[in-house]
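Participant: My structure is stored as target-v7.txt, with compact mmCIF, C-alpha atoms.
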# COMPACT_ATOMS: atom_id res chain seq x y z
CA MET A 10 107.31 111.05 85.53
CA SER A 11 105.99 107.80 86.95
CA ASN A 12 106.18 107.08 90.65
CA CYS A 13 106.83 103.35 91.12
CA HIS A 14 107.62 103.45 94.84
CA ASN A 15 104.57 101.31 95.65
CA LEU A 16 105.65 98.69 93.10
CA PHE A 17 109.03 98.41 94.81
CA GLN A 18 107.29 97.60 98.09
CA THR A 19 105.52 94.70 96.38
CA PHE A 20 108.80 93.69 94.74
CA ASN A 21 110.55 93.62 98.10
CA GLY A 22 107.88 91.25 99.39
CA ASN A 23 108.15 89.07 96.29
CA LEU A 24 111.89 88.66 96.90
CA SER A 25 111.25 87.02 100.27
CA ILE A 26 111.25 83.25 100.60
CA THR A 27 107.98 81.62 101.62
CA ASN A 28 107.32 80.64 105.22
CA SER A 29 107.24 76.98 104.22
CA LYS A 30 110.67 77.24 102.61
CA LYS A 31 112.02 79.11 105.63
CA GLU A 32 110.82 76.28 107.87
CA LYS A 33 112.49 73.71 105.61
CA LEU A 34 115.68 75.75 105.58
CA MET A 35 115.79 75.93 109.38
CA THR A 36 115.06 72.21 109.69
CA SER A 37 117.89 71.39 107.27
CA ARG A 38 120.25 73.70 109.16
CA ASP A 39 119.43 71.99 112.45
CA ASN A 40 119.78 68.52 110.91
CA LEU A 41 123.23 69.40 109.57
CA ARG A 42 124.29 70.67 112.98
CA ASP A 43 123.15 67.39 114.56
CA MET A 44 125.03 65.36 111.94
CA ILE A 45 128.24 67.32 112.53
CA ARG A 46 127.95 67.02 116.32
CA LYS A 47 127.33 63.28 116.06
CA HIS A 48 130.22 62.72 113.63
CA PHE A 49 132.76 64.58 115.74
CA SER A 50 131.50 62.95 118.93
CA GLU A 51 132.04 59.51 117.41
CA LYS A 52 135.09 60.05 115.18
CA HIS A 53 136.93 63.04 116.65
CA PRO A 54 135.72 63.45 120.27
CA GLU A 55 138.55 65.84 121.11
CA TYR A 56 136.69 68.48 119.05
CA LYS A 57 133.30 69.88 119.99
CA PRO A 58 131.86 72.02 117.16
CA LYS A 59 129.76 75.09 117.91
CA PHE A 60 127.59 76.92 115.38
CA ARG A 61 126.69 80.47 114.46
CA GLY A 62 124.29 81.76 111.83
CA GLN A 63 125.72 84.44 109.56
CA GLY A 64 125.44 85.95 106.11
CA SER A 65 122.42 87.42 104.33
CA TYR A 66 119.82 85.56 106.42
CA SER A 67 121.18 87.14 109.60
CA LEU A 68 121.42 90.57 107.93
CA GLY A 69 117.89 90.44 106.53
CA THR A 70 119.14 90.75 102.93
CA MET A 71 118.42 87.20 101.75
CA ILE A 72 116.48 86.97 98.47
CA ARG A 73 114.92 84.21 96.44
CA THR A 74 116.71 83.86 93.13
CA LYS A 75 115.03 83.80 89.74
CA GLU A 76 115.10 79.98 89.99
CA ASP A 77 113.30 80.33 93.36
CA THR A 78 116.30 79.12 95.38
CA CYS A 79 118.21 80.72 98.26
CA ASP A 80 121.25 80.08 100.43
CA LEU A 81 122.15 80.04 104.10
CA ASP A 82 125.53 80.42 105.85
CA ASN A 83 126.02 78.31 108.98
CA GLY A 84 129.45 78.79 110.56
CA VAL A 85 131.11 75.77 112.22
CA TYR A 86 133.44 76.90 115.04
CA PHE A 87 136.16 75.08 117.00
CA PHE A 88 137.88 76.20 120.20
CA PRO A 89 140.90 76.45 120.49
CA LYS A 90 142.96 76.12 117.29
CA PRO A 91 142.84 72.53 115.96
CA LYS A 92 146.03 70.53 115.68
CA GLU A 93 144.97 69.40 112.22
CA THR A 94 145.23 71.51 109.07
CA ALA A 95 142.44 73.78 107.89
CA THR A 96 141.76 71.48 104.93
CA THR A 97 141.54 68.44 107.22
CA MET A 98 138.92 70.17 109.36
CA GLN A 99 136.93 70.99 106.22
CA ASN A 100 137.26 67.35 105.13
CA TRP A 101 135.92 66.14 108.45
CA VAL A 102 132.92 68.46 108.19
CA TRP A 103 132.41 67.14 104.64
CA ASP A 104 132.50 63.58 105.98
CA ALA A 105 129.86 64.47 108.56
CA VAL A 106 127.35 65.74 105.99
CA GLU A 107 128.31 63.43 103.10
CA ASN A 108 124.89 61.77 103.02
CA ALA A 109 122.75 64.74 103.98
CA THR A 110 121.22 64.88 100.49
CA SER A 111 121.21 62.78 97.34
CA GLU A 112 123.92 65.05 95.92
CA LYS A 113 127.40 64.87 97.43
CA PRO A 114 128.53 68.07 99.22
CA GLN A 115 130.88 70.45 97.43
CA HIS A 116 134.26 71.13 99.03
CA ARG A 117 134.68 74.74 98.03
CA ASN A 118 137.50 77.15 98.80
CA LYS A 119 136.09 78.56 102.04
CA CYS A 120 133.20 76.26 102.88
CA VAL A 121 131.52 72.91 102.49
CA ARG A 122 128.32 73.39 100.49
CA VAL A 123 125.33 71.09 100.93
CA VAL A 124 122.93 71.36 98.00
CA TYR A 125 119.22 70.70 98.33
CA LYS A 126 118.63 70.52 94.60
CA GLY A 127 116.18 73.02 93.15
CA ASP A 128 115.39 74.41 96.60
CA TYR A 129 118.38 75.93 98.44
CA HIS A 130 121.93 75.28 99.57
CA ILE A 131 123.64 75.65 102.94
CA ASP A 132 127.26 76.73 103.23
CA LEU A 133 129.36 75.47 106.14
CA PRO A 134 132.47 77.63 106.57
CA VAL A 135 134.87 76.30 109.23
CA TYR A 136 136.48 78.60 111.83
CA TYR A 137 138.57 78.44 114.95
CA LYS A 138 139.18 80.78 117.85
CA GLU A 139 141.59 80.30 120.72
CA SER A 140 138.95 81.44 123.21
CA GLU A 141 135.19 81.13 122.95
CA THR A 142 134.64 84.04 125.34
CA ASN A 143 137.15 86.56 123.95
CA ASP A 144 135.07 88.81 121.69
CA SER A 145 138.10 90.92 120.77
CA GLU A 146 139.75 87.95 119.06
CA ASN A 147 139.06 87.55 115.34
CA PRO A 148 138.11 84.06 114.16
CA GLN A 149 140.23 82.32 111.54
CA ILE A 150 138.48 80.72 108.56
CA ALA A 151 139.68 77.50 106.94
CA VAL A 152 140.79 78.01 103.33
CA LYS A 153 141.16 74.88 101.21
CA ASP A 154 144.83 74.00 100.61
CA ALA A 155 145.92 77.38 102.00
CA GLY A 156 145.57 77.22 105.79
CA TRP A 157 143.79 79.65 108.09
CA SER A 158 142.90 83.27 107.36
CA LYS A 159 141.38 86.02 109.53
CA SER A 160 137.67 86.54 108.90
CA ASP A 161 135.02 87.89 111.25
CA PRO A 162 131.37 87.63 110.11
CA LYS A 163 130.15 88.80 113.52
CA GLU A 164 132.17 92.00 113.18
CA PHE A 165 130.69 92.58 109.73
CA SER A 166 127.16 92.00 111.00
CA LYS A 167 127.72 94.62 113.71
CA TRP A 168 129.10 97.08 111.13
CA PHE A 169 126.14 96.54 108.79
CA LYS A 170 123.61 97.09 111.56
CA GLU A 171 125.32 100.39 112.34
CA GLN A 172 124.84 101.48 108.70
CA LYS A 173 121.14 100.67 108.58
CA ASP A 174 118.54 103.44 108.57
CA LYS A 175 115.44 103.27 110.75
CA GLU A 176 113.13 103.06 107.73
CA GLY A 177 114.92 99.99 106.36
CA GLN A 178 115.68 101.49 102.95
CA LEU A 179 119.30 100.30 102.93
CA VAL A 180 118.24 96.67 103.43
CA LYS A 181 115.76 96.99 100.55
CA ILE A 182 118.35 98.56 98.24
CA VAL A 183 120.76 95.68 98.96
CA ARG A 184 117.99 93.21 98.07
CA TYR A 185 117.13 95.08 94.86
CA LEU A 186 120.77 95.12 93.76
CA LYS A 187 121.23 91.43 94.53
CA ALA A 188 118.13 90.69 92.45
CA TRP A 189 119.57 92.77 89.61
CA CYS A 190 122.83 90.80 89.69
CA ASP A 191 120.90 87.53 89.80
CA ASN A 192 119.01 88.48 86.65
CA ARG A 193 122.09 89.22 84.55
CA SER A 194 123.22 86.65 81.99
CA LYS A 195 126.90 86.82 83.01
CA LYS A 196 128.73 86.69 86.34
CA MET A 197 128.26 89.76 88.52
CA PRO A 198 129.81 90.74 91.89
CA ASN A 199 128.58 88.57 94.75
CA GLY A 200 126.05 89.51 97.41
CA LEU A 201 128.64 90.56 99.99
CA THR A 202 130.24 92.94 97.49
CA MET A 203 126.89 94.50 96.56
CA THR A 204 126.07 94.86 100.26
CA VAL A 205 129.25 96.84 100.95
CA LEU A 206 128.84 98.92 97.78
CA SER A 207 125.25 99.74 98.79
CA CYS A 208 126.31 100.87 102.27
CA ARG A 209 129.02 103.14 100.92
CA ASN A 210 127.05 104.66 98.04
CA ILE A 211 123.40 104.80 99.04
CA LYS A 212 121.56 108.04 98.24
CA TYR A 213 118.50 108.08 100.46
CA ASN A 214 115.18 109.31 99.09
CA ASP A 215 111.53 109.09 100.13
CA ARG A 216 111.00 106.98 97.00
CA ASP A 217 112.74 103.62 96.52
CA ASP A 218 112.84 103.96 92.73
CA ILE A 219 114.77 107.24 92.91
CA CYS A 220 116.99 105.93 95.72
CA LEU A 221 117.93 102.87 93.66
CA ARG A 222 118.67 104.89 90.52
CA ASP A 223 120.81 107.41 92.40
CA THR A 224 122.65 104.67 94.31
CA LEU A 225 123.47 102.95 91.02
CA LYS A 226 124.94 106.22 89.78
CA GLU A 227 127.13 106.50 92.88
CA ILE A 228 128.31 102.89 92.60
CA LYS A 229 129.19 103.38 88.95
CA SER A 230 131.10 106.57 89.71
CA SER A 231 133.04 105.04 92.59
CA LEU A 232 134.04 101.93 90.62
CA LYS A 233 135.01 103.98 87.57
CA THR A 234 137.34 105.91 89.83
CA SER A 235 138.74 102.76 91.43
CA TRP A 236 137.75 99.17 90.71
CA SER A 237 137.88 98.07 94.33
CA CYS A 238 135.57 97.34 97.24
CA LYS A 239 137.44 97.09 100.51
CA MET A 240 135.89 94.96 103.22
CA PRO A 241 135.14 97.35 106.14
CA THR A 242 135.93 94.70 108.75
CA THR A 243 138.45 91.88 109.25
CA PRO A 244 140.24 90.92 107.05
CA GLN A 245 139.71 94.25 105.19
CA ASP A 246 140.54 92.65 101.84
CA ASP A 247 139.43 93.90 98.43
CA LEU A 248 136.26 92.02 97.50
CA LEU A 249 136.80 92.79 93.80
CA GLU A 250 140.48 91.86 93.69
CA ASN A 251 139.78 88.30 92.55
CA TYR A 252 136.54 89.02 90.69
CA ASN A 253 136.69 86.82 87.60
CA GLY A 254 133.66 88.23 85.85
CA ASP A 255 133.64 90.57 82.88
CA LYS A 256 134.28 94.09 84.18
CA ASP A 257 133.18 95.67 80.88
CA TYR A 258 129.94 93.71 81.05
CA PHE A 259 129.34 95.03 84.58
CA PHE A 260 129.69 98.65 83.44
CA GLU A 261 127.51 98.03 80.37
CA SER A 262 124.85 96.53 82.64
CA ILE A 263 124.88 99.31 85.22
CA GLU A 264 124.83 102.04 82.55
CA SER A 265 121.87 100.38 80.83
CA PHE A 266 120.07 100.07 84.16
CA ILE A 267 120.66 103.72 85.03
CA ASP A 268 119.39 104.83 81.59
CA ASP A 269 116.18 102.81 81.85
CA ALA A 270 115.65 103.83 85.48
CA THR A 271 115.94 107.48 84.47
CA LYS A 272 113.41 106.96 81.67
CA ALA A 273 111.01 105.28 84.08
CA ILE A 274 111.35 108.04 86.68
CA GLU A 275 111.63 111.17 84.55
CA GLN A 276 110.11 110.46 81.13
CA GLU A 277 107.52 107.68 81.24
CA SER A 278 104.17 108.91 82.58
CA ASN A 279 102.37 105.57 82.27
CA GLN A 280 103.16 103.35 85.28
CA LEU A 281 102.66 100.08 83.38
CA LYS A 282 105.21 101.11 80.76
CA ALA A 283 107.57 102.31 83.49
CA SER A 284 107.28 98.96 85.28
CA LYS A 285 108.35 97.17 82.09
CA LEU A 286 111.59 99.19 82.15
CA TRP A 287 112.25 98.09 85.73
CA GLN A 288 111.37 94.46 84.92
CA LYS A 289 113.97 94.44 82.17
CA HIS A 290 116.67 94.64 84.86
CA LEU A 291 115.03 93.29 88.02
CA GLY A 292 113.19 90.28 86.61
CA THR A 293 109.70 88.85 86.80
CA TYR A 294 109.27 89.32 90.55
CA PHE A 295 108.86 93.02 89.83
CA PRO A 296 105.10 93.63 89.41
CA ASP A 297 103.21 95.28 86.57
CA GLY A 298 102.14 98.84 87.23
CA GLN A 299 98.73 100.37 86.52
CA ASP A 300 97.97 101.33 82.94
CA ILE A 301 97.44 104.95 83.93
CA ASP A 302 99.34 108.14 84.63
CA VAL A 303 99.65 107.59 88.39
CA ASP A 304 101.32 110.95 89.02
CA LYS A 305 98.47 112.78 87.29
CA GLN A 306 95.94 110.78 89.28
CA ALA A 307 97.80 111.46 92.53
CA ASN A 308 97.96 115.18 91.79
CA ALA A 309 94.24 115.24 91.01
CA LEU A 310 93.42 113.49 94.28
CA ALA A 311 95.71 115.87 96.15
CA GLY A 312 93.87 118.82 94.57
CA ILE A 313 90.50 117.41 95.63
CA ALA A 314 91.76 116.86 99.16
CA SER A 315 93.01 120.44 99.27
CA THR A 316 89.64 121.89 98.22
CA ILE A 317 87.86 119.79 100.84
CA LEU A 318 90.24 120.92 103.59
CA ASP A 319 89.92 124.55 102.45
CA GLY A 320 86.14 124.31 102.63
CA LYS A 321 85.84 125.15 98.89
CA ALA A 322 84.60 121.77 97.71
CA LYS A 323 81.41 121.64 95.62
CA LEU A 324 79.44 118.86 93.97
CA ASN A 325 78.44 119.04 90.31
CA SER A 326 75.33 117.39 88.85
CA ALA A 327 77.21 114.09 88.49
CA GLY A 328 78.14 114.07 92.17
CA GLN A 329 81.80 114.81 91.47
CA ILE A 330 83.83 117.04 93.79
CA GLN A 331 85.24 120.18 92.21
CA ALA A 332 86.36 123.63 93.27
CA ASN A 333 84.39 125.96 90.96
CA GLU A 334 80.76 125.37 89.91
CA GLY A 335 78.30 123.23 91.82
CA VAL A 336 76.59 122.94 95.17
CA SER A 337 78.61 123.93 98.20
CA HIS A 338 79.03 121.53 101.08
CA LYS A 339 76.83 122.30 104.06
CA PRO A 340 77.30 121.08 107.62
CA HIS A 341 74.79 118.62 109.02
CA LYS A 342 73.83 117.25 112.41
CA ASN A 343 73.01 113.68 111.48
CA PHE A 344 75.56 112.02 113.71
CA GLY A 345 73.57 108.83 114.34
CA GLY A 346 72.29 107.57 117.66
CA GLN A 347 69.00 108.56 119.24
How does this structure look as structure tokens?
Facilitator:
Amino acid sequence: MSNCHNLFQTFNGNLSITNSKKEKLMTSRDNLRDMIRKHFSEKHPEYKPKFRGQGSYSLGTMIRTKEDTCDLDNGVYFFPKPKETATTMQNWVWDAVENATSEKPQHRNKCVRVVYKGDYHIDLPVYYKESETNDSENPQIAVKDAGWSKSDPKEFSKWFKEQKDKEGQLVKIVRYLKAWCDNRSKKMPNGLTMTVLSCRNIKYNDRDDICLRDTLKEIKSSLKTSWSCKMPTTPQDDLLENYNGDKDYFFESIESFIDDATKAIEQESNQLKASKLWQKHLGTYFPDGQDIDVDKQANALAGIASTILDGKAKLNSAGQIQANEGVSHKPHKNFGGQ
């Protein structure tokens, strides 16, 4: 066995964006908000956009991709329902941020995406609510060429926070699984899907490596039984219903990951070799382990600690602590001071 729990803590840190990038991301978010406010004030003064952060940044599950990029969701809200169509409102938001970067924004199905090439992108989904103060009312999201559809990111955020454990292991598992998907060569389920699957299938353990392996097993089992992932909050749709990736490839990938994770946990005694098995699936942000049997070393240290606490510790001629032959420890009164 090789305990790689400590390596996963380093990995979790490596998945975080740098402080400098976070500052740039927040500055870009604020600049986009100012551009949208200004545009609507000048061109469509009857509408006053409001904004709400959402998505992985708000949940704490954002990761840096293998290309060292990340994304941010910044909801654009209107109160009450606009007279114009959903697509028109998206178009007007697109107009507002048209010149935000050197690359023209993308008008996607459920958002306007502003790309900061090689660095990050910011998604601007458009919503309306009849009342700004009625928390029981679900927002409606603009869907390109399809109208408005119920969607409530705030409700999902509340649900996710209710699932979280005090130790933060769920958040880490979501980040690990998103990193795994990012490191696959073909399309995998998106971050929202992996977040819901993690919440519903997590198998907590004191060690992150075992928790991840066992959660993968549960996810595989649940999806083999039924290829679906129902959104737990409005609109409660199936997140895998329109998945256009290769389902067979997904199962091949998760089975391979489970096999290598089991080898790393149960068979490989050398931590460096075990870390190479994890890197195969999680990418280069996962650190190299020590070229030693860490479990054997940990057990040896635990044995030494036990002999010291039991008062049986002795020193051999080389000054090493042992439990059998050698010089017994004797109490002293050299406590310093006068």
Participant: Hey, could you make a per-residue contact list for range 36-125 of chain A against range 137-153 of chain A with 9 Å as the cut-off, showing the nearest pair of atoms and its distance in Å to one decimal, counting all atoms listed in the file, sorted by chain and number, as a Markdown table?
Facilitator:
| residue | atom | partner | partner_atom | distance |
| --- | --- | --- | --- | --- |
| A:Val85 | CA | A:Tyr137 | CA | 8.4 |
| A:Tyr86 | CA | A:Tyr137 | CA | 5.4 |
| A:Phe87 | CA | A:Tyr137 | CA | 4.6 |
| A:Phe88 | CA | A:Lys138 | CA | 5.3 |
| A:Pro89 | CA | A:Glu139 | CA | 3.9 |
| A:Lys90 | CA | A:Tyr137 | CA | 5.5 |
| A:Pro91 | CA | A:Tyr137 | CA | 7.4 |
| A:Thr94 | CA | A:Ala151 | CA | 8.4 |
| A:Ala95 | CA | A:Ala151 | CA | 4.7 |
| A:Thr96 | CA | A:Lys153 | CA | 5.1 |
| A:Thr97 | CA | A:Lys153 | CA | 8.8 |
| A:Met98 | CA | A:Ala151 | CA | 7.8 |
| A:Gln99 | CA | A:Ala151 | CA | 7.1 |
| A:His116 | CA | A:Lys153 | CA | 8.2 |
| A:Arg117 | CA | A:Lys153 | CA | 7.2 |
| A:Asn118 | CA | A:Lys153 | CA | 4.9 |
| A:Lys119 | CA | A:Val152 | CA | 4.9 |
| A:Cys120 | CA | A:Ala151 | CA | 7.7 |
Participant: Would you mind exporting the chosen residues as an mmCIF file, in the frame of the given file, restricted to C-alpha atoms?
Facilitator:
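The resulting file, again_37.cif, is reproduced below:
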data_model
loop_
_atom_site.group_PDB
_atom_site.id
_atom_site.type_symbol
_atom_site.label_atom_id
_atom_site.label_comp_id
_atom_site.auth_asym_id
_atom_site.auth_seq_id
_atom_site.Cartn_x
_atom_site.Cartn_y
_atom_site.Cartn_z
ATOM 1 C CA VAL A 85 131.110 75.770 112.220
ATOM 2 C CA TYR A 86 133.440 76.900 115.040
ATOM 3 C CA PHE A 87 136.160 75.080 117.000
ATOM 4 C CA PHE A 88 137.880 76.200 120.200
ATOM 5 C CA PRO A 89 140.900 76.450 120.490
ATOM 6 C CA LYS A 90 142.960 76.120 117.290
ATOM 7 C CA PRO A 91 142.840 72.530 115.960
ATOM 8 C CA THR A 94 145.230 71.510 109.070
ATOM 9 C CA ALA A 95 142.440 73.780 107.890
ATOM 10 C CA THR A 96 141.760 71.480 104.930
ATOM 11 C CA THR A 97 141.540 68.440 107.220
ATOM 12 C CA MET A 98 138.920 70.170 109.360
ATOM 13 C CA GLN A 99 136.930 70.990 106.220
ATOM 14 C CA HIS A 116 134.260 71.130 99.030
ATOM 15 C CA ARG A 117 134.680 74.740 98.030
ATOM 16 C CA ASN A 118 137.500 77.150 98.800
ATOM 17 C CA LYS A 119 136.090 78.560 102.040
ATOM 18 C CA CYS A 120 133.200 76.260 102.880
#
Participant: Please identify every residue of range 202-230 of chain A that has at least one atom no farther than 8 Å from an atom of range 270-290 of chain A, counting all atoms listed in the file, and for each give the shortest atom pair and the distance in Å to one decimal, arranged by chain then increasing number, as JSON lines.
Facilitator:
{"residue": "A:Asp218", "atom": "CA", "partner": "A:Ile274", "partner_atom": "CA", "distance": 7.4}
{"residue": "A:Ile219", "atom": "CA", "partner": "A:Ile274", "partner_atom": "CA", "distance": 7.2}
{"residue": "A:Arg222", "atom": "CA", "partner": "A:Ala270", "partner_atom": "CA", "distance": 6.0}
Participant: Between A:Ser194, A:Lys173, A:Lys31, A:Leu201, single out the one closest to Tyr213 in chain A, counting only C-alpha atoms.
Facilitator: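 Smallest separation from Tyr213 in chain A among the options: A:Lys173.
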Participant: List as a tab-separated table (two decimals) with C-alpha atoms, in the coordinates of the input the protein and nucleic acid residues near range 235-248 of chain A, meaning an atom at most 7 Å away when only C-alpha atoms are counted, but skip any in the same chain fewer than 4 places from it.
Facilitator:
chain	number	residue	atom	x	y	z
A	159	LYS	CA	141.38	86.02	109.53
A	160	SER	CA	137.67	86.54	108.90
A	161	ASP	CA	135.02	87.89	111.25
A	164	GLU	CA	132.17	92.00	113.18
A	165	PHE	CA	130.69	92.58	109.73
A	202	THR	CA	130.24	92.94	97.49
A	206	LEU	CA	128.84	98.92	97.78
A	231	SER	CA	133.04	105.04	92.59
Participant: Pick from A:Gln115, A:Thr234, A:Asn108, A:Gln63: nearest to Lys167 in chain A, with only C-alpha atoms counted?
Facilitator: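 Closest to Lys167 in chain A of all the choices is A:Gln63.
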Participant: Quick check, in Å to one decimal: how far apart do CA of Ser111 in chain A and CA of Lys126 in chain A lie?
Facilitator: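 Computing it gives 8.6 Å between the two atoms.
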Participant: What lies within 10 Å of Gly62 in chain A using only C-alpha atoms, ignoring chain neighbours under 6 positions off, as a list in words?
Facilitator: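 In the requested format, the answer is Arg38, Leu81, Asp82, Asn83, Gly84, Val85, Leu133, Pro162 and Lys163 of chain A.
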Participant: Counting all atoms listed in the file, select every polymer residue within 8 Å of (131.3, 68.4, 108.4) as defined in the file's coordinates, and provide the selection as an mmCIF file with C-alpha atoms, keeping the file's coordinate frame.
Facilitator:
data_model
loop_
_atom_site.group_PDB
_atom_site.id
_atom_site.type_symbol
_atom_site.label_atom_id
_atom_site.label_comp_id
_atom_site.auth_asym_id
_atom_site.auth_seq_id
_atom_site.Cartn_x
_atom_site.Cartn_y
_atom_site.Cartn_z
ATOM 1 C CA MET A 44 125.030 65.360 111.940
ATOM 2 C CA ILE A 45 128.240 67.320 112.530
ATOM 3 C CA HIS A 48 130.220 62.720 113.630
ATOM 4 C CA MET A 98 138.920 70.170 109.360
ATOM 5 C CA GLN A 99 136.930 70.990 106.220
ATOM 6 C CA ASN A 100 137.260 67.350 105.130
ATOM 7 C CA TRP A 101 135.920 66.140 108.450
ATOM 8 C CA VAL A 102 132.920 68.460 108.190
ATOM 9 C CA TRP A 103 132.410 67.140 104.640
ATOM 10 C CA ASP A 104 132.500 63.580 105.980
ATOM 11 C CA ALA A 105 129.860 64.470 108.560
ATOM 12 C CA VAL A 106 127.350 65.740 105.990
ATOM 13 C CA GLU A 107 128.310 63.430 103.100
ATOM 14 C CA VAL A 121 131.520 72.910 102.490
ATOM 15 C CA LEU A 133 129.360 75.470 106.140
#
Participant: What is the CA of Asn40 in chain A to CA of Ser166 in chain A distance in Å?
Facilitator: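 Result for CA of Asn40 in chain A versus CA of Ser166 in chain A: 24.6 Å, one decimal.
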Participant: In terms of the shortest atom-to-atom distance over all atoms listed in the file, which of A:Leu179, A:Asp268, A:Asp302, A:Met203 is closest to Gly69 in chain A?
Facilitator: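 Among A:Leu179, A:Asp268, A:Asp302, A:Met203, it is A:Leu179 that comes nearest to Gly69 in chain A.
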Participant: Would you kindly return, as a PDB file with C-alpha atoms, in the coordinates of the input, each protein, DNA or RNA residue with an atom no farther than 10 Å from any atom of Arg193 in chain A, considering only C-alpha atoms and excluding same-chain residues fewer than 3 positions away?
Facilitator:
ATOM      1  CA  ALA A 188     118.130  90.690  92.450  1.00  0.00           C
ATOM      2  CA  TRP A 189     119.570  92.770  89.610  1.00  0.00           C
ATOM      3  CA  CYS A 190     122.830  90.800  89.690  1.00  0.00           C
ATOM      4  CA  LYS A 196     128.730  86.690  86.340  1.00  0.00           C
ATOM      5  CA  MET A 197     128.260  89.760  88.520  1.00  0.00           C
ATOM      6  CA  TYR A 258     129.940  93.710  81.050  1.00  0.00           C
ATOM      7  CA  PHE A 259     129.340  95.030  84.580  1.00  0.00           C
ATOM      8  CA  SER A 262     124.850  96.530  82.640  1.00  0.00           C
ATOM      9  CA  LYS A 289     113.970  94.440  82.170  1.00  0.00           C
ATOM     10  CA  HIS A 290     116.670  94.640  84.860  1.00  0.00           C
ATOM     11  CA  LEU A 291     115.030  93.290  88.020  1.00  0.00           C
ATOM     12  CA  GLY A 292     113.190  90.280  86.610  1.00  0.00           C
TER      13      GLY A 292
END
